[in-house]
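Data file: coords-v3.cif. Format and content: mmCIF, N, CA and C atoms and all ligand atoms.
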data_coords
#
loop_
_atom_site.label_atom_id
_atom_site.label_comp_id
_atom_site.auth_asym_id
_atom_site.auth_seq_id
_atom_site.Cartn_x
_atom_site.Cartn_y
_atom_site.Cartn_z
N MET A 1 14.86 -32.84 10.30
CA MET A 1 16.00 -32.19 9.61
C MET A 1 15.68 -30.74 9.30
N LYS A 2 16.69 -29.92 9.46
CA LYS A 2 16.50 -28.49 9.23
C LYS A 2 16.52 -28.19 7.74
N GLU A 3 15.71 -27.23 7.38
CA GLU A 3 15.70 -26.84 5.98
C GLU A 3 16.47 -25.55 5.78
N HIS A 4 17.14 -25.49 4.69
CA HIS A 4 17.87 -24.27 4.35
C HIS A 4 17.34 -23.77 3.02
N HIS A 5 17.21 -22.48 2.94
CA HIS A 5 16.69 -21.93 1.70
C HIS A 5 17.73 -21.04 1.04
N ILE A 6 17.79 -21.18 -0.24
CA ILE A 6 18.60 -20.26 -1.01
C ILE A 6 17.61 -19.29 -1.66
N VAL A 7 17.75 -18.04 -1.33
CA VAL A 7 16.75 -17.08 -1.79
C VAL A 7 17.39 -16.01 -2.66
N LEU A 8 16.79 -15.81 -3.78
CA LEU A 8 17.23 -14.75 -4.67
C LEU A 8 16.56 -13.45 -4.20
N GLN A 9 17.38 -12.53 -3.71
CA GLN A 9 16.84 -11.34 -3.08
C GLN A 9 16.10 -10.43 -4.06
N ARG A 10 16.70 -10.19 -5.17
CA ARG A 10 16.08 -9.31 -6.14
C ARG A 10 16.14 -9.95 -7.51
N VAL A 11 15.08 -9.77 -8.24
CA VAL A 11 15.02 -10.37 -9.57
C VAL A 11 15.11 -9.28 -10.62
N CYS A 12 16.19 -9.24 -11.33
CA CYS A 12 16.33 -8.28 -12.42
C CYS A 12 15.93 -8.99 -13.72
N SER A 13 15.93 -8.28 -14.81
CA SER A 13 15.48 -8.94 -16.04
C SER A 13 16.42 -10.06 -16.47
N CYS A 14 17.67 -10.00 -16.02
CA CYS A 14 18.58 -11.11 -16.33
C CYS A 14 18.11 -12.38 -15.66
N ALA A 15 17.72 -12.27 -14.40
CA ALA A 15 17.25 -13.45 -13.66
C ALA A 15 16.01 -14.02 -14.32
N LYS A 16 15.17 -13.12 -14.84
CA LYS A 16 13.97 -13.57 -15.53
C LYS A 16 14.35 -14.26 -16.83
N LYS A 17 15.29 -13.67 -17.52
CA LYS A 17 15.73 -14.20 -18.79
C LYS A 17 16.30 -15.60 -18.63
N TYR A 18 17.07 -15.81 -17.59
CA TYR A 18 17.68 -17.12 -17.37
C TYR A 18 16.80 -18.04 -16.53
N ASN A 19 15.60 -17.54 -16.25
CA ASN A 19 14.62 -18.37 -15.54
C ASN A 19 15.14 -18.90 -14.21
N LEU A 20 15.78 -18.06 -13.48
CA LEU A 20 16.35 -18.44 -12.21
C LEU A 20 15.26 -18.65 -11.17
N GLU A 21 15.38 -19.71 -10.42
CA GLU A 21 14.41 -19.96 -9.37
C GLU A 21 14.63 -18.99 -8.22
N ARG A 22 13.54 -18.52 -7.66
CA ARG A 22 13.66 -17.54 -6.58
C ARG A 22 14.01 -18.18 -5.25
N VAL A 23 13.49 -19.35 -5.02
CA VAL A 23 13.76 -20.03 -3.76
C VAL A 23 14.10 -21.49 -4.03
N ILE A 24 15.21 -21.91 -3.47
CA ILE A 24 15.61 -23.31 -3.58
C ILE A 24 15.75 -23.84 -2.16
N THR A 25 15.17 -24.99 -1.90
CA THR A 25 15.24 -25.55 -0.56
C THR A 25 16.21 -26.72 -0.53
N CYS A 26 16.98 -26.76 0.52
CA CYS A 26 18.05 -27.73 0.65
C CYS A 26 18.05 -28.26 2.08
N ASN A 27 18.32 -29.52 2.27
CA ASN A 27 18.32 -30.07 3.62
C ASN A 27 19.68 -30.02 4.30
N ASP A 28 20.68 -29.70 3.55
CA ASP A 28 22.02 -29.73 4.07
C ASP A 28 22.67 -28.36 3.95
N ALA A 29 23.14 -27.83 5.08
CA ALA A 29 23.69 -26.47 5.10
C ALA A 29 24.89 -26.34 4.17
N PHE A 30 25.74 -27.34 4.21
CA PHE A 30 26.94 -27.27 3.39
C PHE A 30 26.60 -27.27 1.91
N ALA A 31 25.69 -28.15 1.53
CA ALA A 31 25.26 -28.22 0.14
C ALA A 31 24.58 -26.92 -0.28
N ALA A 32 23.80 -26.36 0.63
CA ALA A 32 23.10 -25.12 0.33
C ALA A 32 24.09 -23.98 0.08
N GLU A 33 25.13 -23.95 0.90
CA GLU A 33 26.12 -22.89 0.74
C GLU A 33 26.86 -23.04 -0.60
N GLU A 34 27.24 -24.27 -0.91
CA GLU A 34 27.90 -24.55 -2.17
C GLU A 34 27.05 -24.09 -3.35
N GLU A 35 25.78 -24.48 -3.28
CA GLU A 35 24.83 -24.17 -4.34
C GLU A 35 24.66 -22.66 -4.48
N ALA A 36 24.53 -21.98 -3.33
CA ALA A 36 24.35 -20.53 -3.35
C ALA A 36 25.55 -19.84 -3.98
N GLU A 37 26.74 -20.28 -3.60
CA GLU A 37 27.97 -19.70 -4.17
C GLU A 37 27.99 -19.90 -5.68
N GLU A 38 27.56 -21.09 -6.09
CA GLU A 38 27.56 -21.43 -7.50
C GLU A 38 26.60 -20.54 -8.28
N ILE A 39 25.43 -20.32 -7.70
CA ILE A 39 24.42 -19.49 -8.35
C ILE A 39 24.92 -18.04 -8.47
N ALA A 40 25.48 -17.54 -7.37
CA ALA A 40 25.99 -16.16 -7.38
C ALA A 40 27.06 -15.99 -8.45
N GLN A 41 27.92 -17.00 -8.55
CA GLN A 41 28.99 -16.94 -9.53
C GLN A 41 28.43 -16.98 -10.94
N LYS A 42 27.44 -17.84 -11.14
CA LYS A 42 26.78 -17.97 -12.43
C LYS A 42 26.14 -16.64 -12.82
N CYS A 43 25.48 -16.00 -11.84
CA CYS A 43 24.84 -14.71 -12.10
C CYS A 43 25.88 -13.68 -12.54
N ASN A 44 27.00 -13.68 -11.85
CA ASN A 44 28.05 -12.73 -12.19
C ASN A 44 28.61 -12.96 -13.59
N GLU A 45 28.64 -14.22 -13.99
CA GLU A 45 29.20 -14.55 -15.30
C GLU A 45 28.20 -14.36 -16.43
N LEU A 46 26.96 -14.77 -16.19
CA LEU A 46 25.99 -14.79 -17.29
C LEU A 46 25.21 -13.49 -17.45
N PHE A 47 25.02 -12.80 -16.35
CA PHE A 47 24.15 -11.65 -16.39
C PHE A 47 24.81 -10.46 -17.07
N CYS A 48 24.06 -9.37 -17.14
CA CYS A 48 24.50 -8.22 -17.91
C CYS A 48 25.76 -7.55 -17.37
N GLY A 49 26.14 -7.88 -16.15
CA GLY A 49 27.35 -7.30 -15.60
C GLY A 49 27.14 -5.96 -14.95
N LYS A 50 25.89 -5.53 -14.90
CA LYS A 50 25.59 -4.23 -14.31
C LYS A 50 25.44 -4.32 -12.80
N HIS A 51 25.32 -5.54 -12.31
CA HIS A 51 25.19 -5.71 -10.86
C HIS A 51 26.02 -6.89 -10.41
N GLY A 52 26.58 -6.76 -9.22
CA GLY A 52 27.38 -7.85 -8.68
C GLY A 52 26.57 -8.64 -7.68
N PHE A 53 26.75 -9.94 -7.70
CA PHE A 53 25.99 -10.80 -6.79
C PHE A 53 26.92 -11.39 -5.73
N ASP A 54 26.36 -11.58 -4.56
CA ASP A 54 27.12 -12.13 -3.46
C ASP A 54 26.20 -12.98 -2.59
N VAL A 55 26.80 -13.79 -1.75
CA VAL A 55 25.99 -14.64 -0.87
C VAL A 55 26.12 -14.15 0.57
N GLN A 56 24.99 -14.07 1.23
CA GLN A 56 24.98 -13.64 2.62
C GLN A 56 24.17 -14.65 3.42
N MET A 57 24.73 -15.10 4.53
CA MET A 57 24.02 -16.07 5.34
C MET A 57 23.17 -15.33 6.36
N VAL A 58 21.88 -15.62 6.35
CA VAL A 58 20.97 -15.05 7.32
C VAL A 58 20.23 -16.19 7.99
N ASP A 59 20.42 -16.32 9.30
CA ASP A 59 19.91 -17.49 10.03
C ASP A 59 20.40 -18.76 9.34
N ASN A 60 19.49 -19.57 8.89
CA ASN A 60 19.92 -20.80 8.23
C ASN A 60 19.81 -20.71 6.72
N ASN A 61 19.56 -19.49 6.27
CA ASN A 61 19.32 -19.35 4.85
C ASN A 61 20.47 -18.61 4.15
N PHE A 62 20.57 -18.87 2.89
CA PHE A 62 21.60 -18.21 2.10
C PHE A 62 20.92 -17.28 1.11
N ILE A 63 21.18 -16.01 1.29
CA ILE A 63 20.54 -15.03 0.45
C ILE A 63 21.52 -14.60 -0.64
N ILE A 64 21.05 -14.65 -1.85
CA ILE A 64 21.87 -14.14 -2.94
C ILE A 64 21.53 -12.67 -3.10
N ILE A 65 22.45 -11.86 -2.67
CA ILE A 65 22.18 -10.42 -2.64
C ILE A 65 22.77 -9.74 -3.87
N VAL A 66 22.17 -8.63 -4.20
CA VAL A 66 22.67 -7.79 -5.28
C VAL A 66 23.27 -6.56 -4.62
N GLU A 67 24.47 -6.22 -5.00
CA GLU A 67 25.09 -5.02 -4.45
C GLU A 67 24.17 -3.84 -4.67
N ASP A 68 23.95 -3.11 -3.59
CA ASP A 68 22.98 -2.02 -3.60
C ASP A 68 23.11 -1.05 -4.77
N ALA A 69 24.29 -0.58 -4.98
CA ALA A 69 24.51 0.43 -6.02
C ALA A 69 24.20 -0.13 -7.40
N GLY A 70 24.30 -1.45 -7.52
CA GLY A 70 24.25 -2.04 -8.84
C GLY A 70 22.88 -2.43 -9.34
N PHE A 71 21.87 -2.35 -8.47
CA PHE A 71 20.61 -2.91 -8.91
C PHE A 71 19.85 -2.02 -9.88
N VAL A 72 19.48 -2.61 -10.98
CA VAL A 72 18.59 -1.96 -11.94
C VAL A 72 17.53 -2.94 -12.34
N GLU A 73 16.31 -2.50 -12.28
CA GLU A 73 15.18 -3.38 -12.55
C GLU A 73 15.20 -3.89 -13.98
N SER A 74 15.42 -2.97 -14.89
CA SER A 74 15.44 -3.39 -16.27
C SER A 74 16.84 -3.17 -16.82
N CYS A 75 17.47 -4.27 -17.14
CA CYS A 75 18.87 -4.17 -17.55
C CYS A 75 19.07 -4.82 -18.90
N GLU A 76 18.07 -4.77 -19.74
CA GLU A 76 18.23 -5.30 -21.10
C GLU A 76 19.30 -4.50 -21.83
N ILE A 77 20.09 -5.23 -22.56
CA ILE A 77 21.18 -4.55 -23.28
C ILE A 77 20.62 -3.92 -24.55
ZN ZN B 101 20.93 -7.59 -15.21
#
Would it be possible to restate this file's structure as structure tokens?
Amino acid sequence: MKEHHIVLQRVCSCAKKYNLERVITCNDAFAAEEEAEEIAQKCNELFCGKHGFDVQMVDNNFIIIVEDAGFVESCEI
């Protein structure tokens, strides 16, 4: 069975604060996509709002990307 990974591309202090896992492995592509979408949405809702998150499929993996303009390493309020 093929493995799919959900990968958090960049970790800002919000991700650290919420203890988000950097890599999640999933055996099912559909489930992985669902999960990735859910995480991206959660990030957009819970995080500081200074960066937008989106999901991008690369090969068999789902990368949770941060919009380029929006990334800040330290985003404590
Ligand atoms: Zn943040």
Nearest to Phe62 in chain A by atom-to-atom distance, counting only N, CA and C atoms, from A:Glu45, A:Asp28, A:Cys12, A:Ile6: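 Counting only N, CA and C atoms, the residue closest to Phe62 in chain A is A:Ile6.
You can rank A:Gly52, A:Cys75, A:Lys2, A:Asp59 by their closest distance to Asn27 in chain A using all atoms listed in the file, and at the top of that list sits A:Lys2.
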For range 32-35 of chain A, take all atoms listed in the file, fit an axis-aligned box around them, add 3 Å to each of the six sides, then output centre and edge lengths in Å rounded to one decimal, as lines of an AutoDock Vina configuration file.
center_x = 25.5
center_y = -24.5
center_z = -1.8
size_x = 10.8
size_y = 9.7
size_z = 11.4
Using all atoms listed in the file, what table do you get, as JSON lines, when you list each residue of chain A with an atom no more than 6 Å from ligand ZN 101 (chain B), its nearest pair of atoms, and their distance in Å rounded to one decimal, rows by chain then rising number?
{"residue": "A:Cys12", "atom": "C", "partner": "B:ZN101", "partner_atom": "ZN", "distance": 5.4}
{"residue": "A:Ser13", "atom": "N", "partner": "B:ZN101", "partner_atom": "ZN", "distance": 5.1}
{"residue": "A:Cys14", "atom": "N", "partner": "B:ZN101", "partner_atom": "ZN", "distance": 4.1}
{"residue": "A:Ala15", "atom": "N", "partner": "B:ZN101", "partner_atom": "ZN", "distance": 5.7}
{"residue": "A:Phe47", "atom": "C", "partner": "B:ZN101", "partner_atom": "ZN", "distance": 5.2}
{"residue": "A:Cys48", "atom": "N", "partner": "B:ZN101", "partner_atom": "ZN", "distance": 4.1}
{"residue": "A:Gly49", "atom": "N", "partner": "B:ZN101", "partner_atom": "ZN", "distance": 5.3}
{"residue": "A:Lys50", "atom": "N", "partner": "B:ZN101", "partner_atom": "ZN", "distance": 5.4}
{"residue": "A:His51", "atom": "N", "partner": "B:ZN101", "partner_atom": "ZN", "distance": 5.6}
{"residue": "A:Cys75", "atom": "CA", "partner": "B:ZN101", "partner_atom": "ZN", "distance": 4.6}
Members of chain A assigned strand (DSSP E) by DSSP, as a PyMOL selection string: chain A and resi 4-8+23-26+53-58+61-66
Option closest in space to Ile39 in chain A, from A:Phe53, A:Arg22, A:Asn61, A:Met1 [counting all atoms listed in the file]: A:Phe53
Would you save range 4-77 of chain A from the block above with C-alpha atoms, as a short mmCIF file (atom, residue, chain, number, x, y, z; two decimals), in the first residue's frame?
data_model
loop_
_atom_site.label_atom_id
_atom_site.label_comp_id
_atom_site.auth_asym_id
_atom_site.auth_seq_id
_atom_site.Cartn_x
_atom_site.Cartn_y
_atom_site.Cartn_z
CA HIS A 4 0.76 9.49 1.78
CA HIS A 5 2.24 12.16 3.93
CA ILE A 6 0.72 15.33 5.14
CA VAL A 7 3.58 17.71 5.66
CA LEU A 8 3.56 21.02 7.39
CA GLN A 9 5.81 23.14 5.20
CA ARG A 10 6.68 25.86 7.64
CA VAL A 11 6.32 25.99 11.36
CA CYS A 12 5.48 29.37 12.82
CA SER A 13 5.08 30.00 16.52
CA CYS A 14 1.37 29.32 16.19
CA ALA A 15 2.07 25.80 14.98
CA LYS A 16 4.41 25.35 17.91
CA LYS A 17 1.86 26.74 20.29
CA TYR A 18 -0.82 24.34 19.09
CA ASN A 19 1.67 21.50 18.98
CA LEU A 20 0.91 20.67 15.40
CA GLU A 21 2.55 17.57 14.04
CA ARG A 22 4.93 18.23 11.20
CA VAL A 23 4.36 15.01 9.35
CA ILE A 24 1.32 12.78 9.38
CA THR A 25 1.32 9.52 7.47
CA CYS A 26 -1.80 8.12 5.92
CA ASN A 27 -2.41 5.02 3.83
CA ASP A 28 -5.35 6.38 1.94
CA ALA A 29 -5.07 9.28 -0.49
CA PHE A 30 -8.63 10.40 0.00
CA ALA A 31 -8.36 10.35 3.78
CA ALA A 32 -5.05 12.18 3.58
CA GLU A 33 -6.55 14.92 1.46
CA GLU A 34 -9.50 15.30 3.81
CA GLU A 35 -7.18 15.46 6.78
CA ALA A 36 -4.89 17.99 5.11
CA GLU A 37 -7.82 20.25 4.23
CA GLU A 38 -9.02 20.00 7.80
CA ILE A 39 -5.63 20.94 9.21
CA ALA A 40 -5.25 23.89 6.84
CA GLN A 41 -8.68 25.12 7.83
CA LYS A 42 -7.91 24.68 11.50
CA CYS A 43 -4.68 26.66 11.05
CA ASN A 44 -6.57 29.46 9.38
CA GLU A 45 -9.10 29.57 12.19
CA LEU A 46 -6.90 29.09 15.23
CA PHE A 47 -3.69 30.77 14.28
CA CYS A 48 -2.79 34.42 14.55
CA GLY A 49 -4.30 35.22 11.18
CA LYS A 50 -1.09 36.71 9.86
CA HIS A 51 -0.63 33.91 7.37
CA GLY A 52 -2.98 31.95 5.20
CA PHE A 53 -2.69 28.20 4.86
CA ASP A 54 -3.50 26.10 1.85
CA VAL A 55 -3.06 22.54 0.68
CA GLN A 56 -0.94 21.61 -2.29
CA MET A 57 -0.59 18.13 -3.67
CA VAL A 58 2.96 17.15 -4.55
CA ASP A 59 3.38 13.63 -5.87
CA ASN A 60 1.46 11.55 -3.38
CA ASN A 61 1.86 13.96 -0.56
CA PHE A 62 -0.22 16.81 0.70
CA ILE A 63 1.76 19.83 1.69
CA ILE A 64 0.24 22.41 3.94
CA ILE A 65 1.72 25.54 2.54
CA VAL A 66 1.89 29.01 3.97
CA GLU A 67 1.25 31.85 1.55
CA ASP A 68 4.62 33.34 0.78
CA ALA A 69 3.86 36.91 1.67
CA GLY A 70 2.31 35.88 4.94
CA PHE A 71 5.04 33.94 6.62
CA VAL A 72 6.51 35.31 9.80
CA GLU A 73 8.67 33.19 12.03
CA SER A 74 7.58 34.79 15.22
CA CYS A 75 3.98 35.80 15.27
CA GLU A 76 3.20 36.08 18.95
CA ILE A 77 0.50 38.59 19.56
#
